[in-house]
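Q: Structure provided below as structure tokens; questions to follow.
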Amino acid sequence: MMKRTLVLLITVIFGLSCTPVKGYAEEDSFDFNATFQGAVILSLGSPNAVVDNTDMLIDQTNFNIVPLVKNNRTLLPLRFISESLGAQVAWDSKTSTATIKASGKSIKVTLGSSKMFINGKSIALDAPAQYKEGRVFVPLRAVSEAFAKKVFFDRGIIVVSNNSILNAKRDREIVDYLKFVLAPYSKDPYTGKTLSTEQVALLEQSVVMLESYDKDDNYLGFGSAISIGYGLFLTNYHVIADSSSYMIQTSQDQYYEVQGVVAADENLDLAIVKTSMRTNIPPLHVGLTTKITTGQPVVAIGNPEGLQNTISTGIISGIRNYDGERLIQTTAPITNGSSGGPLLNMKGEVIGVNTMGIEKGDLNFAIPIDYASRWIKKYTALSFSSIPVLSQDQFRETTVTEQDPTVEQPSTVSQNVHLMGRTVREATLDPAQSVIFAIDENQSTIFAYRYADNKVLVESTAFSTPPRKLLYANGEIYVIFSNADYSSYRFEEQQGGQIVVLEADTLKIKDQWDTRIDPYEIEVDQSGHVYVNSGSGQWTSIISYDRTTEKEVSSATIRQGSHMVMHPAEDRIYAVDSDASPRDIEMFRLMDGKFTGNQDSPYHGDYKFSTVIGITPDGKYVLNGAGTVLSATNNSASNMQYVTAIDPFDYVAVHSAHKETFFTGKDRMIKQYDTESLKVTDTLTTTGTILKLFMSDKQLIAITKITLPGNPLPQYAVETVKDF
């Protein structure tokens, strides 16, 4: 984990982008874990330490036990450094002598003495052993001599290891990073007495951002979480649901991988997660809700809209019953990203877990902490390494794969299934020519595949940067490229990418231009305006370009990684965000390629939204993959209003020639809907698992992934599902 932390943090702090740390060759990637394996890393004045790539506290009971400088000598806590290096320490209170047994050595250190004895041999110390708050401290040099270790010291960072690792001149950025990682947390202001709002706000250091990812490591969204123990975090169930892995970001921009979910209750909307390595993030104090009263002041902390650790204040408005459970109603604003954060009383005690806000923050609710108290007491009583995690399968996105034994596998490929012989993730359809244009992930090329006769018509040259997505529009192929992987922490001044236009018949580059963002999705209208949004930078940009001049026409603010769909009238774009909890849908109004306004949906947690979005072919409804259907009108008062619910789906296909019907797909199941009634009129099944779904005026086509008997490797295919 520390390796990933190093890469992310150096990118953030120093503005590096895909650049090796100075002093390391271009072909070498700096591996934190390998470099510091077995090492002890300390920082002057900090109770934090890293020992053999494990985050630790020098003394969990006393944060004042820290490396220090006295009389121009650096002093280290003897017991901690000895035990970290695998030695055993015994203390003789009568003689004030510590005896350390290590690797066949017997080392004796006596308080106030300027000598150290190694196997009876006297070694002079450059400063006597000293006593501080019940601990013996020895000079840095003594550690080197006693354990025969190499010791590095620069700007307060101390590294004790078998080999010389760092060079002060060469590795300034690594030293800066280590200072950053080991920086001490603020002193806990909790006293059990009433605090000021400013003092309660200091507790934000114990609130983290919890990011979630799908099974393919794609970013899904984020929420908040509360430190309840060293490496244990309490959050909402809906923040961790439908995800495969998680990452925690602290208020100091440190990152920790999450090992797994320790406990979860969907009905209570509560869960506890455990990091892979023990963290030093101070736990918050847990209170009770038995004595809370209406009108009592409270403080909420969370990550609304990605604005990390935002503090909001309010009062308790009441205690409400919802589905048989209690909820705390408060005026402290809660919005996207705040879910899982703490609701605190004025003593700094957690009395609730913020769960949802309605009507732009006017009505806000928290789950009483009492519901999680049993968990907290149980798991914080265990040692960190012994805390078990649940199987992630029960939280992972539930997709029936072709390996699932309940799914009947094809013994042969039927006539309507056309194996492409390529690894495909993204594709687009030329409906007039029955040709699929797809990205070959193994080759970083784009190829044209005519499925009627299983023929690759033409293939582009390989691109140096992997293509992200592509779109067939107006007889051309539009392809987007990002200069680097998408990141919430690469903002627009660090972003960049390209839009490349290919000739449909030759797949040769026809035009290309640079973008000032990391392109994530693309839409093109019939007037020649190109719309791309960014996959990075949290609150970022959606930009329109003139296809002819290749110049930027207009831009608007959008959430990173939003999924877009253009209305059939081409006068607006609807988008759903992918990194907020609860998710939100937004509309951008267009005129001649310019963004003339935008509108937020009125729902923030009222209805479930997934990252899949579509528009019915008649333009009347916005379809969301969670099954939620909203109105799509030109009137702000009636636009994006809840209409009804249909079955959840992962893909949607429409065509202007068939406004009476549309199709949705999930796993191997396709459902045909009547556009007017929104009722299912037919159900179809594909041979493989659906990856894309398209309509032409003559056929319904699916890109699928199939596993055939005797071949463990998946095959990618085009299936002609239905003729019109």
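Identifiers in this document derive from the order of the structure tokens: chains are assigned A, B, ..., residues are numbered from 1 separately in each chain, and ligands are numbered from 1 in order of occurrence.
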Considering only C-alpha atoms, return as a list in words whatever protein or nucleic-acid residues lie within 7 Å of Pro128 (chain A), sequence-local ones (same chain, fewer than 5 positions apart) excluded.

A: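 Here the answer would be Gly112, Ser113 and Ser114 of chain A.
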
Q: Please write the residues from the selection above to a file, keeping N, CA and C atoms, as a short mmCIF file (atom, residue, chain, number, x, y, z; two decimals), in the first residue's frame.

A:
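Result file is selection.cif:
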data_model
loop_
_atom_site.label_atom_id
_atom_site.label_comp_id
_atom_site.auth_asym_id
_atom_site.auth_seq_id
_atom_site.Cartn_x
_atom_site.Cartn_y
_atom_site.Cartn_z
N GLY A 112 21.76 7.83 32.55
CA GLY A 112 22.76 8.79 32.97
C GLY A 112 24.17 8.43 32.59
N SER A 113 24.40 7.22 32.09
CA SER A 113 25.74 6.79 31.73
C SER A 113 26.08 7.17 30.30
N SER A 114 27.32 7.56 30.09
CA SER A 114 27.80 7.87 28.74
C SER A 114 28.48 6.67 28.10
#

Q: Which residues, written as a list in words, have at least one atom at most 8 Å from region 206-209 of chain A, with only C-alpha atoms counted and residues fewer than 5 positions away on the same chain left out?

A: Phe222, Gly223, Ser224, Ala225, Ile226, Ser227, Ile248, Gln249, Thr250, Ser251, Ile281, Pro282, Pro283, Leu284, Ile301, Gly302, Asn303, Gln308, Asn309, Gly341 and Pro342 of chain A

Q: With C-alpha atoms retained, write the just-selected residues as a PDB file, in the first residue's frame.

A:
ATOM      1  CA  PHE A 222     -17.115   8.086  -2.403  1.00  0.00           C
ATOM      2  CA  GLY A 223     -18.595   8.773   0.987  1.00  0.00           C
ATOM      3  CA  SER A 224     -17.342   9.539   4.466  1.00  0.00           C
ATOM      4  CA  ALA A 225     -16.198   7.286   7.311  1.00  0.00           C
ATOM      5  CA  ILE A 226     -15.413   7.692  11.011  1.00  0.00           C
ATOM      6  CA  SER A 227     -12.309   6.395  12.772  1.00  0.00           C
ATOM      7  CA  ILE A 248      -9.350   5.558   2.403  1.00  0.00           C
ATOM      8  CA  GLN A 249      -8.024   9.107   2.076  1.00  0.00           C
ATOM      9  CA  THR A 250      -7.224  11.036   5.230  1.00  0.00           C
ATOM     10  CA  SER A 251      -7.497  14.754   5.843  1.00  0.00           C
ATOM     11  CA  ILE A 281      -5.797   8.056  12.701  1.00  0.00           C
ATOM     12  CA  PRO A 282      -7.151   8.939  16.164  1.00  0.00           C
ATOM     13  CA  PRO A 283     -10.510   7.284  16.966  1.00  0.00           C
ATOM     14  CA  LEU A 284     -13.428   9.509  17.870  1.00  0.00           C
ATOM     15  CA  ILE A 301     -18.378  16.519   9.369  1.00  0.00           C
ATOM     16  CA  GLY A 302     -18.201  14.976   5.906  1.00  0.00           C
ATOM     17  CA  ASN A 303     -17.069  15.258   2.320  1.00  0.00           C
ATOM     18  CA  GLN A 308     -13.062  17.012   2.118  1.00  0.00           C
ATOM     19  CA  ASN A 309     -13.935  17.336   5.803  1.00  0.00           C
ATOM     20  CA  GLY A 341     -19.652  11.066   8.450  1.00  0.00           C
ATOM     21  CA  PRO A 342     -20.180  11.772  12.159  1.00  0.00           C
TER      22      PRO A 342
END

Q: Distance CA of Ala448 (chain A)-CA of Asn483 (chain A), one decimal place?

A: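 Separation between CA of Ala448 (chain A) and CA of Asn483 (chain A): 24.6 Å.
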
Q: CA of Ser244 (chain A) to CA of Val258 (chain A): how many Å, to one decimal?

A: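 Between CA of Ser244 (chain A) and CA of Val258 (chain A) the gap works out to 10.5 Å.
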
Q: Which residues are close to region 148-159 of chain A, i.e. within 8 Å by only C-alpha atoms, leaving aside same-chain residues fewer than 6 positions away? Reply as a ChimeraX atom specification.

A: /A:39-44,140-141,165-166,168,175,178-179

Q: CA of Val654 (chain A) and CA of Ala432 (chain A) are how many Å apart?

A: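 Interatomic distance here is 14.7 Å.
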
Q: Closest to Lys671 (chain A) among A:Asp647, A:Asp440, A:Asp518, A:Glu325, using only C-alpha atoms?

A: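 Among the listed residues, the smallest separation from Lys671 (chain A) belongs to A:Asp647.
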
Q: Give the answer as one residue: which of A:Glu305, A:Arg320, A:Gly593, A:Gly287 has the shortest atom-to-atom distance to Gly352 (chain A), using only C-alpha atoms?

A: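 Counting only C-alpha atoms, the residue closest to Gly352 (chain A) is A:Gly287.
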
Q: Which residue gives the smallest distance to Thr293 (chain A) among A:Ala452, A:Ala332, A:Ile58, A:Ile351, with only C-alpha atoms counted?

A: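 Ranked by minimum distance to Thr293 (chain A), first place goes to A:Ile351.
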